[in-house]
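> Below is one structure. I have some questions about it.
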Amino acid sequence: MSSGVVPAPECRDAFAELKMSKTLKYITFKINDKKTEIIVDKTSSDPDYETFLKDLPPDACKWAVYDFEFTHEGSPRNKLCFYSWSPDTAPIRAKMVHAASKDALRKTLDGIGADIQGTDSVEVSFDVVLEKVKRFK
């Protein structure tokens, strides 16, 4: 099911900057006020995971890409993680449009290593995400 909401070109540009230049740590995306386009909400170079989590509001849906760094079997690694944040407390209509628009954004982001679904802070906690990214080779 498609919502008709499309990603703005700036979404692909910000993702390319995060992926290629490594100057960004994460990007958050949202649907614009007219409900016609997915836009970049915020970019950040702050490496603190807790800071990133604070940009996922408790009552609004967002998407994000985070450059998740971790150590696995003694080696430093990183995965670009795509987050679909849809908290239980968000309005139902917003959650429906968010879910229906996810694929349009996700298809423009080539090179994602893991998909993370979150409805509460536990599902996107560092340890939970770490277990998910370790499963992907």
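By convention in this document, the chains of the structure tokens carry letters A, B, ... by their order, each chain's residues are numbered from 1, and ligands are numbered from 1 in the order they are shown.
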If we count only C-alpha atoms, what is near Ala100 (chain A) at a cut-off of 12 Å, once residues fewer than 2 positions away on the same chain are taken out, given as an MDAnalysis selection string?
chainID A and resid 1:6 31 38 84 86 93:98 102:106
> Would you mind listing what lies within 12 Å of region 25-29 of chain A as an MDAnalysis selection string, with only C-alpha atoms counted and same-chain residues fewer than 6 positions away left out?
chainID A and resid 6:8 10:19 37:49 51:57 60:69 78:85 98 101:102 105:106 109
> Using the selection just defined, write its residues with C-alpha atoms as an mmCIF file, in the first residue's frame.

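Result saved to selection-v8.cif:
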data_model
loop_
_atom_site.group_PDB
_atom_site.id
_atom_site.type_symbol
_atom_site.label_atom_id
_atom_site.label_comp_id
_atom_site.auth_asym_id
_atom_site.auth_seq_id
_atom_site.Cartn_x
_atom_site.Cartn_y
_atom_site.Cartn_z
ATOM 1 C CA VAL A 6 7.426 10.648 -1.970
ATOM 2 C CA PRO A 7 10.954 11.329 -0.713
ATOM 3 C CA ALA A 8 12.355 14.767 -1.520
ATOM 4 C CA GLU A 10 17.369 16.106 -0.229
ATOM 5 C CA CYS A 11 16.791 12.701 1.416
ATOM 6 C CA ARG A 12 19.024 10.929 -1.084
ATOM 7 C CA ASP A 13 21.608 13.746 -0.906
ATOM 8 C CA ALA A 14 21.843 13.623 2.893
ATOM 9 C CA PHE A 15 22.109 9.832 2.811
ATOM 10 C CA ALA A 16 24.929 10.012 0.246
ATOM 11 C CA GLU A 17 26.779 12.453 2.505
ATOM 12 C CA LEU A 18 26.390 10.149 5.511
ATOM 13 C CA LYS A 19 27.410 7.071 3.546
ATOM 14 C CA GLU A 37 6.789 14.574 0.787
ATOM 15 C CA ILE A 38 9.327 12.911 3.039
ATOM 16 C CA ILE A 39 11.927 15.483 4.059
ATOM 17 C CA VAL A 40 15.130 15.591 6.068
ATOM 18 C CA ASP A 41 14.229 16.542 9.619
ATOM 19 C CA LYS A 42 17.742 16.694 11.057
ATOM 20 C CA THR A 43 21.332 15.717 10.349
ATOM 21 C CA SER A 44 23.934 15.306 13.060
ATOM 22 C CA SER A 45 27.580 14.400 13.460
ATOM 23 C CA ASP A 46 27.164 13.706 17.202
ATOM 24 C CA PRO A 47 28.385 10.125 17.794
ATOM 25 C CA ASP A 48 26.475 9.640 21.071
ATOM 26 C CA TYR A 49 23.743 7.006 20.613
ATOM 27 C CA THR A 51 21.623 11.822 21.699
ATOM 28 C CA PHE A 52 20.317 10.086 18.584
ATOM 29 C CA LEU A 53 17.568 8.378 20.585
ATOM 30 C CA LYS A 54 16.447 11.743 21.976
ATOM 31 C CA ASP A 55 15.682 12.780 18.388
ATOM 32 C CA LEU A 56 13.073 10.005 18.166
ATOM 33 C CA PRO A 57 10.081 11.707 19.822
ATOM 34 C CA ALA A 60 5.544 11.222 16.570
ATOM 35 C CA CYS A 61 6.640 8.898 13.777
ATOM 36 C CA LYS A 62 9.991 9.327 12.062
ATOM 37 C CA TRP A 63 12.533 7.407 10.072
ATOM 38 C CA ALA A 64 16.249 7.574 10.616
ATOM 39 C CA VAL A 65 19.538 6.271 9.318
ATOM 40 C CA TYR A 66 22.261 5.797 11.916
ATOM 41 C CA ASP A 67 25.873 4.767 11.283
ATOM 42 C CA PHE A 68 25.992 2.111 14.004
ATOM 43 C CA GLU A 69 29.541 1.306 15.144
ATOM 44 C CA ASN A 78 29.760 -0.481 11.360
ATOM 45 C CA LYS A 79 26.361 -0.904 9.750
ATOM 46 C CA LEU A 80 24.073 1.704 8.314
ATOM 47 C CA CYS A 81 20.795 1.040 10.104
ATOM 48 C CA PHE A 82 17.416 2.210 8.850
ATOM 49 C CA TYR A 83 15.027 2.952 11.715
ATOM 50 C CA SER A 84 11.278 3.034 11.335
ATOM 51 C CA TRP A 85 10.117 4.765 14.515
ATOM 52 C CA HIS A 98 4.129 6.445 8.099
ATOM 53 C CA SER A 101 5.288 5.611 3.070
ATOM 54 C CA LYS A 102 8.225 3.624 4.441
ATOM 55 C CA LEU A 105 11.971 6.201 1.372
ATOM 56 C CA ARG A 106 13.709 2.883 1.982
ATOM 57 C CA LEU A 109 18.609 4.495 0.411
#
> Please indicate the distance in Å from CA of Thr23 (chain A) to CA of Pro9 (chain A), rounded to one decimal place.
19.1 Å
> Quick one: everything within 8 Å of Thr89 (chain A), counting only C-alpha atoms, minus sequence neighbours fewer than 2 positions away in the same chain. Send it as a PyMOL selection string.
chain A and resi 58-60+87+91
> Output C-alpha atoms for every residue in the selection just made, as a PDB file, in the first residue's frame.

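New file part.pdb:
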ATOM      1  CA  PRO A  58       7.773   9.762  22.149  1.00  0.00           C
ATOM      2  CA  ASP A  59       4.632  10.823  20.265  1.00  0.00           C
ATOM      3  CA  ALA A  60       5.544  11.222  16.570  1.00  0.00           C
ATOM      4  CA  PRO A  87       5.709   4.915  18.893  1.00  0.00           C
ATOM      5  CA  PRO A  91      -1.795   9.229  16.432  1.00  0.00           C
TER       6      PRO A  91
END
> Identify, with DSSP run on backbone atoms, the residues in region 8-130 of chain A assigned to alpha helix (DSSP H), and express the list as a ChimeraX atom specification.
/A:9-16,49-54,92-106,126-130
> Using C-alpha atoms, can you export the residues from the last selection as a JSON list (two decimals), in the first residue's frame?

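Resulting contents of out_0.json:
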[["chain", "number", "residue", "atom", "x", "y", "z"],
["A", 9, "PRO", "CA", 15.70, 14.77, -3.39],
["A", 10, "GLU", "CA", 17.37, 16.11, -0.23],
["A", 11, "CYS", "CA", 16.79, 12.70, 1.42],
["A", 12, "ARG", "CA", 19.02, 10.93, -1.08],
["A", 13, "ASP", "CA", 21.61, 13.75, -0.91],
["A", 14, "ALA", "CA", 21.84, 13.62, 2.89],
["A", 15, "PHE", "CA", 22.11, 9.83, 2.81],
["A", 16, "ALA", "CA", 24.93, 10.01, 0.25],
["A", 49, "TYR", "CA", 23.74, 7.01, 20.61],
["A", 50, "GLU", "CA", 21.66, 8.44, 23.46],
["A", 51, "THR", "CA", 21.62, 11.82, 21.70],
["A", 52, "PHE", "CA", 20.32, 10.09, 18.58],
["A", 53, "LEU", "CA", 17.57, 8.38, 20.58],
["A", 54, "LYS", "CA", 16.45, 11.74, 21.98],
["A", 92, "ILE", "CA", -3.18, 6.23, 14.54],
["A", 93, "ARG", "CA", -3.57, 8.12, 11.26],
["A", 94, "ALA", "CA", 0.06, 9.28, 11.44],
["A", 95, "LYS", "CA", 1.18, 5.68, 12.03],
["A", 96, "MET", "CA", -0.81, 4.48, 9.03],
["A", 97, "VAL", "CA", 0.66, 7.10, 6.67],
["A", 98, "HIS", "CA", 4.13, 6.44, 8.10],
["A", 99, "ALA", "CA", 3.86, 2.70, 7.48],
["A", 100, "ALA", "CA", 2.48, 3.18, 3.97],
["A", 101, "SER", "CA", 5.29, 5.61, 3.07],
["A", 102, "LYS", "CA", 8.22, 3.62, 4.44],
["A", 103, "ASP", "CA", 9.03, 1.68, 1.26],
["A", 104, "ALA", "CA", 9.21, 4.83, -0.85],
["A", 105, "LEU", "CA", 11.97, 6.20, 1.37],
["A", 106, "ARG", "CA", 13.71, 2.88, 1.98],
["A", 126, "PHE", "CA", 21.86, 0.03, 21.90],
["A", 127, "ASP", "CA", 21.98, -3.57, 23.13],
["A", 128, "VAL", "CA", 18.88, -4.65, 21.19],
["A", 129, "VAL", "CA", 20.13, -3.04, 17.98],
["A", 130, "LEU", "CA", 23.59, -4.52, 18.54]]
